[in-house]
file entry17.cif (mmCIF, N, CA, C and O atoms)
data_target
#
loop_
_atom_site.label_atom_id
_atom_site.label_comp_id
_atom_site.auth_asym_id
_atom_site.auth_seq_id
_atom_site.Cartn_x
_atom_site.Cartn_y
_atom_site.Cartn_z
N MET T 500 123.82 63.83 217.07
CA MET T 500 124.46 63.77 218.37
C MET T 500 125.16 65.10 218.64
O MET T 500 125.90 65.59 217.80
N SER T 501 124.91 65.66 219.79
CA SER T 501 125.51 66.95 220.11
C SER T 501 126.97 66.77 220.54
O SER T 501 127.33 65.76 221.14
N PRO T 502 127.80 67.75 220.23
CA PRO T 502 129.21 67.65 220.62
C PRO T 502 129.36 67.71 222.14
O PRO T 502 128.57 68.34 222.83
N SER T 503 130.37 67.02 222.65
CA SER T 503 130.60 67.07 224.09
C SER T 503 131.21 68.41 224.48
O SER T 503 131.95 69.00 223.72
N PRO T 504 130.85 68.89 225.66
CA PRO T 504 131.39 70.18 226.09
C PRO T 504 132.90 70.10 226.29
O PRO T 504 133.41 69.09 226.74
N LEU T 505 133.56 71.15 225.91
CA LEU T 505 135.01 71.19 226.06
C LEU T 505 135.36 71.63 227.47
O LEU T 505 134.77 72.56 228.02
N VAL T 506 136.32 70.97 228.05
CA VAL T 506 136.82 71.33 229.37
C VAL T 506 138.03 72.23 229.15
O VAL T 506 139.00 71.80 228.53
N PRO T 507 137.97 73.49 229.59
CA PRO T 507 139.12 74.36 229.38
C PRO T 507 140.34 73.85 230.12
O PRO T 507 140.24 73.35 231.24
N ALA T 508 141.47 73.92 229.47
CA ALA T 508 142.71 73.45 230.08
C ALA T 508 143.10 74.39 231.23
O ALA T 508 142.96 75.60 231.12
N PRO T 509 143.56 73.82 232.33
CA PRO T 509 143.99 74.67 233.44
C PRO T 509 145.27 75.42 233.06
O PRO T 509 146.01 75.01 232.17
N ALA T 510 145.50 76.52 233.73
CA ALA T 510 146.69 77.31 233.46
C ALA T 510 147.96 76.56 233.87
O ALA T 510 149.00 76.72 233.26
N ARG T 511 147.84 75.73 234.92
CA ARG T 511 149.02 74.99 235.41
C ARG T 511 148.66 73.52 235.59
O ARG T 511 147.52 73.19 235.93
N PRO T 512 149.64 72.63 235.41
CA PRO T 512 149.39 71.21 235.64
C PRO T 512 149.11 70.92 237.11
O PRO T 512 149.58 71.63 238.01
N ALA T 513 148.37 69.86 237.36
CA ALA T 513 148.01 69.47 238.73
C ALA T 513 149.25 69.26 239.59
O ALA T 513 149.27 69.65 240.76
N ALA T 514 150.29 68.68 239.03
CA ALA T 514 151.52 68.42 239.80
C ALA T 514 152.15 69.71 240.30
O ALA T 514 152.66 69.78 241.43
N VAL T 515 152.11 70.75 239.50
CA VAL T 515 152.69 72.03 239.89
C VAL T 515 151.87 72.65 241.02
O VAL T 515 152.42 73.15 242.01
N VAL T 516 150.55 72.60 240.88
CA VAL T 516 149.68 73.15 241.92
C VAL T 516 149.85 72.36 243.21
O VAL T 516 149.91 72.92 244.31
N ASN T 517 149.95 71.04 243.07
CA ASN T 517 150.14 70.18 244.25
C ASN T 517 151.42 70.55 245.00
O ASN T 517 151.42 70.60 246.24
N GLU T 518 152.48 70.82 244.28
CA GLU T 518 153.73 71.22 244.94
C GLU T 518 153.56 72.53 245.70
O GLU T 518 154.10 72.69 246.79
N GLU T 519 152.78 73.45 245.14
CA GLU T 519 152.55 74.72 245.84
C GLU T 519 151.73 74.49 247.11
O GLU T 519 151.98 75.11 248.14
N ILE T 520 150.75 73.59 247.01
CA ILE T 520 149.95 73.26 248.20
C ILE T 520 150.84 72.67 249.28
O ILE T 520 150.78 73.07 250.45
N ARG T 521 151.67 71.72 248.90
CA ARG T 521 152.58 71.08 249.87
C ARG T 521 153.51 72.10 250.51
O ARG T 521 153.73 72.09 251.73
N ALA T 522 154.06 72.99 249.71
CA ALA T 522 154.97 74.01 250.25
C ALA T 522 154.25 74.93 251.22
O ALA T 522 154.82 75.30 252.26
N LEU T 523 153.02 75.30 250.90
CA LEU T 523 152.25 76.16 251.79
C LEU T 523 152.00 75.48 253.12
O LEU T 523 152.23 76.07 254.18
N VAL T 524 151.57 74.22 253.08
CA VAL T 524 151.26 73.50 254.32
C VAL T 524 152.52 73.27 255.15
O VAL T 524 152.53 73.52 256.36
N VAL T 525 153.58 72.84 254.51
CA VAL T 525 154.84 72.60 255.23
C VAL T 525 155.39 73.91 255.79
O VAL T 525 155.84 73.97 256.94
N GLY T 526 155.31 74.97 255.00
CA GLY T 526 155.81 76.27 255.44
C GLY T 526 155.07 76.83 256.64
O GLY T 526 155.62 77.62 257.41
N ARG T 527 153.84 76.39 256.83
CA ARG T 527 153.04 76.84 257.97
C ARG T 527 152.99 75.80 259.07
O ARG T 527 152.17 75.91 259.99
N GLY T 528 153.81 74.79 258.98
CA GLY T 528 153.84 73.76 260.02
C GLY T 528 152.56 72.94 260.09
O GLY T 528 152.25 72.36 261.13
N GLY T 529 151.82 72.89 259.00
CA GLY T 529 150.59 72.11 258.96
C GLY T 529 149.36 72.84 259.46
O GLY T 529 148.26 72.31 259.40
N TRP T 530 149.52 74.07 259.95
CA TRP T 530 148.40 74.84 260.49
C TRP T 530 148.10 76.00 259.56
O TRP T 530 148.96 76.84 259.32
N LEU T 531 146.89 76.06 259.06
CA LEU T 531 146.51 77.11 258.12
C LEU T 531 145.38 77.95 258.70
O LEU T 531 144.31 77.43 259.02
N TYR T 532 145.64 79.23 258.83
CA TYR T 532 144.65 80.18 259.35
C TYR T 532 144.62 81.42 258.46
O TYR T 532 145.62 81.75 257.83
N GLY T 533 143.51 82.10 258.46
CA GLY T 533 143.40 83.38 257.77
C GLY T 533 143.76 83.32 256.31
O GLY T 533 143.20 82.53 255.55
N GLU T 534 144.70 84.17 255.91
CA GLU T 534 145.09 84.28 254.51
C GLU T 534 145.68 82.98 253.97
O GLU T 534 145.44 82.62 252.82
N SER T 535 146.46 82.26 254.80
CA SER T 535 147.05 81.01 254.32
C SER T 535 145.97 79.96 254.08
O SER T 535 146.04 79.17 253.14
N ARG T 536 144.92 79.95 254.91
CA ARG T 536 143.81 79.01 254.70
C ARG T 536 143.04 79.37 253.43
O ARG T 536 142.67 78.49 252.65
N ALA T 537 142.83 80.65 253.21
CA ALA T 537 142.13 81.09 252.00
C ALA T 537 142.94 80.71 250.76
O ALA T 537 142.38 80.24 249.76
N ARG T 538 144.26 80.91 250.81
CA ARG T 538 145.13 80.55 249.68
C ARG T 538 145.07 79.04 249.44
O ARG T 538 145.01 78.59 248.30
N TYR T 539 145.10 78.26 250.51
CA TYR T 539 145.01 76.80 250.41
C TYR T 539 143.72 76.39 249.70
O TYR T 539 143.75 75.54 248.80
N GLU T 540 142.60 76.99 250.07
CA GLU T 540 141.32 76.64 249.46
C GLU T 540 141.29 76.98 247.97
O GLU T 540 140.77 76.22 247.16
N VAL T 541 141.89 78.11 247.59
CA VAL T 541 141.97 78.48 246.18
C VAL T 541 142.83 77.47 245.43
O VAL T 541 142.48 77.02 244.33
N LEU T 542 143.96 77.08 246.02
CA LEU T 542 144.85 76.11 245.38
C LEU T 542 144.20 74.74 245.23
O LEU T 542 144.35 74.09 244.20
N VAL T 543 143.46 74.31 246.25
CA VAL T 543 142.79 73.01 246.16
C VAL T 543 141.74 73.03 245.05
O VAL T 543 141.62 72.06 244.29
N ALA T 544 141.02 74.13 244.92
CA ALA T 544 140.04 74.24 243.84
C ALA T 544 140.74 74.21 242.47
O ALA T 544 140.27 73.54 241.54
N GLU T 545 141.86 74.90 242.35
CA GLU T 545 142.63 74.89 241.10
C GLU T 545 143.16 73.48 240.80
O GLU T 545 143.09 73.01 239.67
N TRP T 546 143.65 72.80 241.83
CA TRP T 546 144.17 71.44 241.67
C TRP T 546 143.06 70.49 241.22
O TRP T 546 143.27 69.67 240.33
N THR T 547 141.88 70.64 241.80
CA THR T 547 140.74 69.79 241.44
C THR T 547 140.39 69.97 239.97
O THR T 547 140.16 68.99 239.25
N ARG T 548 140.35 71.22 239.51
CA ARG T 548 140.06 71.48 238.09
C ARG T 548 141.16 70.92 237.20
O ARG T 548 140.88 70.36 236.13
N ALA T 549 142.40 71.06 237.61
CA ALA T 549 143.52 70.57 236.81
C ALA T 549 143.48 69.05 236.69
O ALA T 549 143.69 68.49 235.61
N VAL T 550 143.19 68.36 237.79
CA VAL T 550 143.10 66.90 237.76
C VAL T 550 141.97 66.47 236.83
O VAL T 550 142.13 65.57 236.00
N ALA T 551 140.82 67.11 236.94
CA ALA T 551 139.68 66.77 236.08
C ALA T 551 140.01 66.98 234.61
O ALA T 551 139.70 66.14 233.76
N ALA T 552 140.66 68.09 234.30
CA ALA T 552 141.03 68.39 232.92
C ALA T 552 142.06 67.39 232.40
O ALA T 552 141.98 66.93 231.26
N GLU T 553 143.02 67.02 233.23
CA GLU T 553 144.04 66.06 232.81
C GLU T 553 143.43 64.68 232.57
O GLU T 553 143.82 63.99 231.65
N ARG T 554 142.48 64.31 233.39
CA ARG T 554 141.81 63.02 233.19
C ARG T 554 140.98 63.04 231.92
O ARG T 554 140.89 62.04 231.23
N ALA T 555 140.37 64.17 231.61
CA ALA T 555 139.53 64.29 230.42
C ALA T 555 140.35 64.37 229.14
O ALA T 555 139.96 63.84 228.11
N CYS T 556 141.50 65.02 229.20
CA CYS T 556 142.30 65.29 227.99
C CYS T 556 143.62 64.54 227.97
O CYS T 556 144.37 64.64 227.01
N GLY T 557 143.95 63.85 229.01
CA GLY T 557 145.25 63.19 229.11
C GLY T 557 146.21 64.08 229.86
O GLY T 557 145.96 65.27 230.05
N PRO T 558 147.31 63.54 230.32
CA PRO T 558 148.26 64.32 231.12
C PRO T 558 148.91 65.43 230.31
O PRO T 558 149.09 65.33 229.11
N ILE T 559 149.25 66.49 231.01
CA ILE T 559 149.95 67.62 230.40
C ILE T 559 151.44 67.33 230.52
O ILE T 559 151.94 67.01 231.59
N ASP T 560 152.16 67.45 229.41
CA ASP T 560 153.59 67.21 229.42
C ASP T 560 154.31 68.45 229.91
O ASP T 560 154.39 69.46 229.21
N VAL T 561 154.82 68.39 231.14
CA VAL T 561 155.47 69.54 231.76
C VAL T 561 156.78 69.86 231.05
O VAL T 561 157.20 71.01 230.98
N ALA T 562 157.43 68.87 230.45
CA ALA T 562 158.72 69.08 229.80
C ALA T 562 158.59 69.77 228.44
O ALA T 562 159.58 70.20 227.88
N ALA T 563 157.40 69.89 227.93
CA ALA T 563 157.22 70.47 226.59
C ALA T 563 157.53 71.94 226.56
O ALA T 563 157.51 72.66 227.46
#
call {"tool": "encode", "arguments": {"input": "entry17.cif", "output": "C-alpha coordinates"}}
result
Amino acid sequence: MSPSPLVPAPARPAAVVNEEIRALVVGRGGWLYGESRARYEVLVAEWTRAVAAERACGPIDVAA
(Lines of atoms letter the chains of each structure in order from A and count residues from 1; the text may use other names and numbers.)
(Lines give C-alpha, C1' and ligand atoms only; values in the text may rest on other atoms or scores of the structure.)
Protein backbone atom coordinates (compact mmCIF):
# COMPACT_ATOMS: atom_id res chain seq x y z
CA MET A 1 0.00 0.00 0.00
CA SER A 2 1.43 3.35 -0.99
CA PRO A 3 1.70 6.10 1.62
CA SER A 4 -0.89 8.85 1.48
CA PRO A 5 0.33 12.19 0.18
CA LEU A 6 1.17 14.69 2.85
CA VAL A 7 -0.75 17.94 2.88
CA PRO A 8 1.65 20.77 3.73
CA ALA A 9 0.54 22.77 6.73
CA PRO A 10 -0.57 26.30 5.92
CA ALA A 11 1.52 29.16 7.23
CA ARG A 12 -1.49 30.55 9.13
CA PRO A 13 -4.60 28.98 10.67
CA ALA A 14 -7.89 29.35 8.79
CA ALA A 15 -9.35 31.47 11.61
CA VAL A 16 -6.55 34.02 11.29
CA VAL A 17 -6.95 34.26 7.52
CA ASN A 18 -10.72 34.52 7.93
CA GLU A 19 -10.30 37.50 10.25
CA GLU A 20 -8.12 39.23 7.66
CA ILE A 21 -10.75 38.58 4.99
CA ARG A 22 -13.47 40.03 7.22
CA ALA A 23 -11.38 43.10 8.02
CA LEU A 24 -10.67 43.70 4.34
CA VAL A 25 -14.34 43.45 3.35
CA VAL A 26 -15.57 45.58 6.25
CA GLY A 27 -12.80 48.13 5.69
CA ARG A 28 -13.95 48.54 2.09
CA GLY A 29 -17.63 48.76 2.95
CA GLY A 30 -18.30 45.42 1.28
CA TRP A 31 -17.13 46.60 -2.16
CA LEU A 32 -13.89 45.15 -3.50
CA TYR A 33 -12.26 46.49 -6.65
CA GLY A 34 -8.78 46.40 -8.13
CA GLU A 35 -6.04 45.65 -5.62
CA SER A 36 -8.47 44.94 -2.77
CA ARG A 37 -10.31 42.38 -4.93
CA ALA A 38 -7.02 40.73 -5.89
CA ARG A 39 -5.99 40.60 -2.20
CA TYR A 40 -9.38 39.10 -1.31
CA GLU A 41 -8.95 36.34 -3.91
CA VAL A 42 -5.47 35.49 -2.59
CA LEU A 43 -6.82 35.36 0.97
CA VAL A 44 -9.76 33.14 0.01
CA ALA A 45 -7.37 30.71 -1.71
CA GLU A 46 -5.15 30.69 1.41
CA TRP A 47 -8.20 30.16 3.64
CA THR A 48 -9.39 27.26 1.47
CA ARG A 49 -5.99 25.55 1.75
CA ALA A 50 -5.88 26.16 5.51
CA VAL A 51 -9.36 24.68 6.03
CA ALA A 52 -8.46 21.61 3.95
CA ALA A 53 -5.22 21.11 5.88
CA GLU A 54 -6.95 21.53 9.24
CA ARG A 55 -9.59 18.99 8.29
CA ALA A 56 -6.90 16.54 7.14
CA CYS A 57 -4.59 17.00 10.15
CA GLY A 58 -6.90 18.30 12.85
CA PRO A 59 -7.23 21.87 14.08
CA ILE A 60 -4.18 24.02 14.65
CA ASP A 61 -3.85 25.19 18.25
CA VAL A 62 -3.46 28.96 17.98
CA ALA A 63 -2.58 29.24 21.69
CA ALA A 64 0.49 27.01 21.34
call {"tool": "resolve_selection", "arguments": {"input": "entry17.cif", "expression": "the PyMOL selection byres (((chain T and resi 549 and name CA) around 9) and name CA)", "output": "CSV table (one decimal) with N, CA, C and O atoms, keeping the file's coordinate frame"}}
result
chain,number,residue,atom,x,y,z
T,508,ALA,N,141.5,73.9,229.5
T,508,ALA,CA,142.7,73.4,230.1
T,508,ALA,C,143.1,74.4,231.2
T,508,ALA,O,143.0,75.6,231.1
T,509,PRO,N,143.6,73.8,232.3
T,509,PRO,CA,144.0,74.7,233.4
T,509,PRO,C,145.3,75.4,233.1
T,509,PRO,O,146.0,75.0,232.2
T,510,ALA,N,145.5,76.5,233.7
T,510,ALA,CA,146.7,77.3,233.5
T,510,ALA,C,148.0,76.6,233.9
T,510,ALA,O,149.0,76.7,233.3
T,511,ARG,N,147.8,75.7,234.9
T,511,ARG,CA,149.0,75.0,235.4
T,511,ARG,C,148.7,73.5,235.6
T,511,ARG,O,147.5,73.2,235.9
T,512,PRO,N,149.6,72.6,235.4
T,512,PRO,CA,149.4,71.2,235.6
T,512,PRO,C,149.1,70.9,237.1
T,512,PRO,O,149.6,71.6,238.0
T,513,ALA,N,148.4,69.9,237.4
T,513,ALA,CA,148.0,69.5,238.7
T,513,ALA,C,149.2,69.3,239.6
T,513,ALA,O,149.3,69.6,240.8
T,514,ALA,N,150.3,68.7,239.0
T,514,ALA,CA,151.5,68.4,239.8
T,514,ALA,C,152.2,69.7,240.3
T,514,ALA,O,152.7,69.8,241.4
T,516,VAL,N,150.6,72.6,240.9
T,516,VAL,CA,149.7,73.2,241.9
T,516,VAL,C,149.8,72.4,243.2
T,516,VAL,O,149.9,72.9,244.3
T,544,ALA,N,141.0,74.1,244.9
T,544,ALA,CA,140.0,74.2,243.8
T,544,ALA,C,140.7,74.2,242.5
T,544,ALA,O,140.3,73.5,241.5
T,545,GLU,N,141.9,74.9,242.4
T,545,GLU,CA,142.6,74.9,241.1
T,545,GLU,C,143.2,73.5,240.8
T,545,GLU,O,143.1,73.0,239.7
T,546,TRP,N,143.6,72.8,241.8
T,546,TRP,CA,144.2,71.4,241.7
T,546,TRP,C,143.1,70.5,241.2
T,546,TRP,O,143.3,69.7,240.3
T,547,THR,N,141.9,70.6,241.8
T,547,THR,CA,140.7,69.8,241.4
T,547,THR,C,140.4,70.0,240.0
T,547,THR,O,140.2,69.0,239.2
T,548,ARG,N,140.4,71.2,239.5
T,548,ARG,CA,140.1,71.5,238.1
T,548,ARG,C,141.2,70.9,237.2
T,548,ARG,O,140.9,70.4,236.1
T,550,VAL,N,143.2,68.4,237.8
T,550,VAL,CA,143.1,66.9,237.8
T,550,VAL,C,142.0,66.5,236.8
T,550,VAL,O,142.1,65.6,236.0
T,551,ALA,N,140.8,67.1,236.9
T,551,ALA,CA,139.7,66.8,236.1
T,551,ALA,C,140.0,67.0,234.6
T,551,ALA,O,139.7,66.1,233.8
T,552,ALA,N,140.7,68.1,234.3
T,552,ALA,CA,141.0,68.4,232.9
T,552,ALA,C,142.1,67.4,232.4
T,552,ALA,O,142.0,66.9,231.3
T,553,GLU,N,143.0,67.0,233.2
T,553,GLU,CA,144.0,66.1,232.8
T,553,GLU,C,143.4,64.7,232.6
T,553,GLU,O,143.8,64.0,231.6
T,554,ARG,N,142.5,64.3,233.4
T,554,ARG,CA,141.8,63.0,233.2
T,554,ARG,C,141.0,63.0,231.9
T,554,ARG,O,140.9,62.0,231.2
call {"tool": "atom_distance", "arguments": {"input": "entry17.cif", "atom1": "atom O of Glu540 in chain T", "atom2": "atom N of Ala555 in chain T"}}
result
19.7 Å
call {"tool": "atom_distance", "arguments": {"input": "entry17.cif", "atom1": "CA of Arg527 in chain T", "atom2": "CA of Leu542 in chain T"}}
result
15.0 Å
call {"tool": "atom_distance", "arguments": {"input": "entry17.cif", "atom1": "atom N of Asn517 in chain T", "atom2": "atom O of Val543 in chain T"}}
result
8.5 Å
call {"tool": "axis_aligned_box", "arguments": {"input": "entry17.cif", "around": "range 540-558 of chain T", "padding_each_side": "5 Å", "output": "lines of an AutoDock Vina configuration file"}}
result
center_x = 144.3
center_y = 70.3
center_z = 238.5
size_x = 19.6
size_y = 26.4
size_z = 33.1
call {"tool": "select_by_dssp", "arguments": {"input": "entry17.cif", "residues": "range 518-553 of chain T", "states": "helix (DSSP H, G or I)", "output": "NGL selection string"}}
result
:T and (518-526 or 533-553)
